[in-house]
Amino acid sequence: MSSIIIPKNLDIGEKIALMSEDAKFEVGTDGDAESTAILCASDIKAKPALPKIPKIYVASKCIFNCAYCGCRCSREERGNYYNTPVDVAKMAVDMAIRNGHGVFVSSAIYKNPNYTQELIAESVKIMREQLYYKGFIHAKVMPSADPLLIAKTGQYANRLSVNIEVAQSLGYNRIAKQKSKEIILTPMRSISDQILTAKYEGNIFATTQTTQLMAGSTNEDDRTIMRLSNALYDKYHLKRVYYTAFQYRYEAKGYENENLKLTQTPYWRMARLYQADRLLQLYGFTPDDVTPDESPFLQEDIDPKAAWALRHMAMYPVEINKADFKTLIRVPGIGITYAKRILEVRRYCIVTHDVLKKMRVPLKRSIYFITCNGKYQGGNMLFSPFIRSTLTTGSNQISIFNSLTVDEQLSCGE
Ligand code: SF4
């Protein structure tokens, strides 16, 4: 990389201040934890918050002009920084060690995508080979990056990501005019292929891939998002799709005719998307289950699993002593952990309402959907508007979610 010439730029304090500002545009700070979780009343309970992974940027001034991004080329009012791979590596290792959970090496597109990818690859190589850093590295892959540069980056990183950004192809023209489905999906496919090949052949390569999607940028419904996420999980074996609410923060040149100011996605929608996503990933739900044709939007006041149960009341009540695992985890109030415990306890005794209470199963939610040894305690369960009111999320929970930072919201996601 001796041919890379880095222009003179800001001092380290100024760079770090700008990096924190740039970090707000990306939410894939996942670390190696698999658990993001949902805050609201639900069976998909919040696990301990994820570690916050620091992000280090190679460069801040981009050749692209995405409307939502502080690094876009048309934004002239702030200073820019560039770091050599050695500087990136030193800062990244320093921050990763202080943080204890790893680091995310990213960049705006500097000069061109492959040039930037080479800088990222070189940075992570130095981290491993010269600074002997052994912890978690998440590295960004540029749109349209060359597969060989992806291979080089993946040789040193644990996780790679290229951001899909929009739920519908038409969205690129609306908010990221230089991007297209092709320049995003091609590297995503390459990462997926290289992960599988490395697994099969025993080569050293990143083991997971994630992406970020901005909900609301094309006024799409949640059904569109869920169908896309499901396809990405299936086709490219993604570990996670991260959702962020599309917000138009600054007037961006070139987007004057898009009416973007009118598109401000509410933050509660992220909570519901993460819940629905986990239902796809862990609970065997399909996009049609969580967002059927006739109800394509997730609802603010009720989580998608409870909403599904209310749409399928004919299936209930289920007998807690007979239902199989798949049926149990579809009961509001009974998640994967409780379902496993119920199956275990059933081996030794008949499970009654009292037994469930002792197990701390949240009967407040599940009681309308179960019988225990033939007994039903849910009153007039056919009066589902009443049941619905017991399953809705309090407005204070949604407002707590809205008050969290992006990283904290992510930690509320599984
Ligand atoms: S390509 Fe990435 S860094 Fe560049 S303007 Fe778009 S979102 Fe920002």
# chains A, B, ... in the order shown; residues from 1 in each chain; ligands from 1
call {"tool": "residues_near_ligand", "arguments": {"ligand": "ligand 1", "cutoff": "8 Å", "atoms": "only C-alpha atoms and all ligand atoms", "output": "number ranges by chain"}}
result
A: 25, 60-73, 107-109, 142-143, 176, 179
call {"tool": "residues_around", "arguments": {"residues": "region 196-210 of chain A", "least_positions_apart": "3", "cutoff": "6 Å", "atoms": "only C-alpha atoms", "output": "PyMOL selection string"}}
result
chain A and resi 154-155+157-161+193+238-241
call {"tool": "select_by_dssp", "arguments": {"residues": "region 108-238 of chain A", "states": "helix (DSSP H, G or I)", "output": "ChimeraX atom specification"}}
result
/A:113-129,147-154,170-175,181-201,222-236
call {"tool": "residues_around", "arguments": {"residues": "Trp308 (chain A)", "least_positions_apart": "5", "cutoff": "10 Å", "atoms": "only C-alpha atoms", "output": "MDAnalysis selection string"}}
result
chainID A and resid 285 289:292 302:303 313 330:332
call {"tool": "write_last_selection", "arguments": {"atoms": "C-alpha atoms", "output": "PDB file, in the first residue's frame"}}
result
ATOM      1  CA  PHE A 285     -42.764 -17.362  11.562  1.00  0.00           C
ATOM      2  CA  ASP A 289     -47.467 -14.561   9.491  1.00  0.00           C
ATOM      3  CA  VAL A 290     -46.142 -11.274  10.877  1.00  0.00           C
ATOM      4  CA  THR A 291     -47.316  -8.975   8.094  1.00  0.00           C
ATOM      5  CA  PRO A 292     -50.169 -10.613   6.159  1.00  0.00           C
ATOM      6  CA  ILE A 302     -49.146  -4.583  20.092  1.00  0.00           C
ATOM      7  CA  ASP A 303     -46.190  -6.823  19.405  1.00  0.00           C
ATOM      8  CA  MET A 313     -57.965 -17.260  17.876  1.00  0.00           C
ATOM      9  CA  ARG A 330     -46.701 -19.194  19.497  1.00  0.00           C
ATOM     10  CA  VAL A 331     -48.583 -18.591  22.749  1.00  0.00           C
ATOM     11  CA  PRO A 332     -48.274 -14.946  23.859  1.00  0.00           C
TER      12      PRO A 332
END
call {"tool": "residues_around", "arguments": {"residues": "region 164-166 of chain A", "least_positions_apart": "5", "cutoff": "12 Å", "atoms": "only C-alpha atoms", "output": "PyMOL selection string"}}
result
chain A and resi 25-28+66-69+141-144+171-177+179-189+210-220+224-225+228-229+232+238+241-246
call {"tool": "write_last_selection", "arguments": {"atoms": "C-alpha atoms", "output": "PDB file, in the first residue's frame"}}
result
ATOM      1  CA  PHE A  25     -25.331   7.028  10.278  1.00  0.00           C
ATOM      2  CA  GLU A  26     -24.560   3.366  10.781  1.00  0.00           C
ATOM      3  CA  VAL A  27     -26.144   1.078  13.308  1.00  0.00           C
ATOM      4  CA  GLY A  28     -24.350  -2.219  12.774  1.00  0.00           C
ATOM      5  CA  CYS A  66     -26.588   9.897  -0.165  1.00  0.00           C
ATOM      6  CA  ALA A  67     -29.249  12.268   1.134  1.00  0.00           C
ATOM      7  CA  TYR A  68     -29.260  10.925   4.701  1.00  0.00           C
ATOM      8  CA  CYS A  69     -25.514  10.821   5.287  1.00  0.00           C
ATOM      9  CA  VAL A 141     -17.418  -3.622   2.465  1.00  0.00           C
ATOM     10  CA  MET A 142     -17.891  -0.890  -0.124  1.00  0.00           C
ATOM     11  CA  PRO A 143     -20.634  -1.050  -2.770  1.00  0.00           C
ATOM     12  CA  SER A 144     -19.277  -2.833  -5.883  1.00  0.00           C
ATOM     13  CA  GLY A 171     -35.467   3.924  -3.121  1.00  0.00           C
ATOM     14  CA  TYR A 172     -31.899   4.305  -4.361  1.00  0.00           C
ATOM     15  CA  ASN A 173     -32.980   7.000  -6.765  1.00  0.00           C
ATOM     16  CA  ARG A 174     -34.899   8.652  -3.964  1.00  0.00           C
ATOM     17  CA  ILE A 175     -32.226   8.796  -1.241  1.00  0.00           C
ATOM     18  CA  ALA A 176     -28.911   7.406  -2.582  1.00  0.00           C
ATOM     19  CA  LYS A 177     -28.694   8.271  -6.240  1.00  0.00           C
ATOM     20  CA  LYS A 179     -26.275   3.373  -5.397  1.00  0.00           C
ATOM     21  CA  SER A 180     -28.200   0.560  -7.049  1.00  0.00           C
ATOM     22  CA  LYS A 181     -29.430  -2.900  -6.180  1.00  0.00           C
ATOM     23  CA  GLU A 182     -26.663  -4.381  -8.299  1.00  0.00           C
ATOM     24  CA  ILE A 183     -23.690  -2.640  -6.634  1.00  0.00           C
ATOM     25  CA  ILE A 184     -24.998  -3.656  -3.202  1.00  0.00           C
ATOM     26  CA  LEU A 185     -26.132  -7.223  -3.874  1.00  0.00           C
ATOM     27  CA  THR A 186     -23.049  -8.209  -5.887  1.00  0.00           C
ATOM     28  CA  PRO A 187     -20.604  -7.780  -2.963  1.00  0.00           C
ATOM     29  CA  MET A 188     -23.225  -9.222  -0.588  1.00  0.00           C
ATOM     30  CA  ARG A 189     -23.367 -12.348  -2.752  1.00  0.00           C
ATOM     31  CA  THR A 210     -24.828  -8.291   8.342  1.00  0.00           C
ATOM     32  CA  THR A 211     -26.545  -5.369   6.645  1.00  0.00           C
ATOM     33  CA  GLN A 212     -28.450  -2.208   7.490  1.00  0.00           C
ATOM     34  CA  LEU A 213     -31.830  -1.167   6.143  1.00  0.00           C
ATOM     35  CA  MET A 214     -33.450   2.233   6.608  1.00  0.00           C
ATOM     36  CA  ALA A 215     -37.133   1.736   7.257  1.00  0.00           C
ATOM     37  CA  GLY A 216     -39.508   4.268   5.813  1.00  0.00           C
ATOM     38  CA  SER A 217     -37.220   5.733   3.173  1.00  0.00           C
ATOM     39  CA  THR A 218     -39.540   4.691   0.340  1.00  0.00           C
ATOM     40  CA  ASN A 219     -42.790   4.897   2.312  1.00  0.00           C
ATOM     41  CA  GLU A 220     -42.880   1.107   2.081  1.00  0.00           C
ATOM     42  CA  THR A 224     -42.149  -5.284   2.093  1.00  0.00           C
ATOM     43  CA  ILE A 225     -39.365  -5.037   4.664  1.00  0.00           C
ATOM     44  CA  LEU A 228     -36.867  -8.523   1.851  1.00  0.00           C
ATOM     45  CA  SER A 229     -35.198  -9.459   5.148  1.00  0.00           C
ATOM     46  CA  LEU A 232     -31.675 -11.811   2.473  1.00  0.00           C
ATOM     47  CA  LEU A 238     -27.031 -12.959   6.804  1.00  0.00           C
ATOM     48  CA  VAL A 241     -30.459  -7.243   9.321  1.00  0.00           C
ATOM     49  CA  TYR A 242     -30.190  -4.018  11.306  1.00  0.00           C
ATOM     50  CA  TYR A 243     -33.069  -1.604  11.041  1.00  0.00           C
ATOM     51  CA  THR A 244     -32.796   2.100  11.438  1.00  0.00           C
ATOM     52  CA  ALA A 245     -35.481   4.732  11.108  1.00  0.00           C
ATOM     53  CA  PHE A 246     -35.035   6.868   8.008  1.00  0.00           C
TER      54      PHE A 246
END
call {"tool": "select_by_dssp", "arguments": {"residues": "region 21-256 of chain A", "states": "strand (DSSP E)", "output": "number ranges by chain"}}
result
A: 55-57, 103-106, 137-140, 159-161, 208-215, 240-245
call {"tool": "residues_around", "arguments": {"residues": "Tyr115 (chain A)", "least_positions_apart": "4", "cutoff": "10 Å", "atoms": "only C-alpha atoms", "output": "PDB file with C-alpha atoms, in the first residue's frame"}}
result
ATOM      1  CA  ILE A   4      -1.589   5.381  -1.185  1.00  0.00           C
ATOM      2  CA  ILE A 109     -16.007   6.060  -0.251  1.00  0.00           C
ATOM      3  CA  TYR A 110     -12.672   7.791  -0.730  1.00  0.00           C
ATOM      4  CA  LYS A 111     -11.582   8.166  -4.388  1.00  0.00           C
ATOM      5  CA  LEU A 119      -7.389   0.854   2.685  1.00  0.00           C
ATOM      6  CA  ILE A 120      -9.811  -1.026   4.949  1.00  0.00           C
ATOM      7  CA  ALA A 121      -8.208  -4.377   4.090  1.00  0.00           C
ATOM      8  CA  MET A 142     -17.891  -0.890  -0.124  1.00  0.00           C
ATOM      9  CA  ALA A 145     -16.042  -3.858  -4.114  1.00  0.00           C
ATOM     10  CA  ASP A 146     -13.851  -6.318  -6.003  1.00  0.00           C
ATOM     11  CA  LEU A 149     -10.440  -7.142  -1.965  1.00  0.00           C
TER      12      LEU A 149
END
call {"tool": "residues_around", "arguments": {"residues": "Asp293 (chain A)", "least_positions_apart": "4", "cutoff": "12 Å", "atoms": "only C-alpha atoms", "output": "compact mmCIF listing (two decimals) with N, CA and C atoms, in the first residue's frame"}}
result
# COMPACT_ATOMS: atom_id res chain seq x y z
N ASP A 221 -44.36 -0.48 3.18
CA ASP A 221 -44.99 -1.07 4.36
C ASP A 221 -44.03 -2.09 4.99
N ASP A 222 -44.41 -2.56 6.19
CA ASP A 222 -43.52 -3.50 6.90
C ASP A 222 -43.49 -4.87 6.23
N ARG A 223 -44.56 -5.19 5.52
CA ARG A 223 -44.58 -6.46 4.78
C ARG A 223 -43.44 -6.48 3.76
N THR A 224 -43.24 -5.37 3.07
CA THR A 224 -42.15 -5.28 2.09
C THR A 224 -40.81 -5.51 2.78
N MET A 226 -40.22 -7.07 5.68
CA MET A 226 -40.08 -8.44 6.18
C MET A 226 -39.80 -9.43 5.06
N ARG A 227 -40.43 -9.21 3.92
CA ARG A 227 -40.17 -10.12 2.79
C ARG A 227 -38.74 -9.97 2.30
N PRO A 287 -42.91 -14.17 6.72
CA PRO A 287 -43.35 -12.79 6.51
C PRO A 287 -44.87 -12.68 6.45
N ASP A 288 -45.54 -13.72 5.87
CA ASP A 288 -47.00 -13.69 5.82
C ASP A 288 -47.62 -13.78 7.21
N ASP A 289 -46.95 -14.47 8.12
CA ASP A 289 -47.47 -14.56 9.49
C ASP A 289 -47.43 -13.19 10.18
N PHE A 297 -48.83 -3.52 7.83
CA PHE A 297 -48.02 -2.71 8.76
C PHE A 297 -48.02 -3.34 10.15
N LEU A 298 -46.88 -3.36 10.80
CA LEU A 298 -46.81 -3.75 12.21
C LEU A 298 -47.49 -2.65 13.02
call {"tool": "atom_distance", "arguments": {"atom1": "CA of Tyr376 (chain A)", "atom2": "CA of Ala309 (chain A)"}}
result
16.9 Å
call {"tool": "atom_distance", "arguments": {"atom1": "CA of Met127 (chain A)", "atom2": "CA of Ala151 (chain A)"}}
result
16.3 Å
call {"tool": "closest_residue", "arguments": {"among": "A:Ser74, A:Gln275, A:Asn257, A:Gln178", "to": "Gln299 (chain A)", "atoms": "only C-alpha atoms"}}
result
A:Gln275
call {"tool": "closest_residue", "arguments": {"among": "A:Ile97, A:Glu77, A:Tyr274, A:Glu122", "to": "Val58 (chain A)", "atoms": "only C-alpha atoms"}}
result
A:Glu122
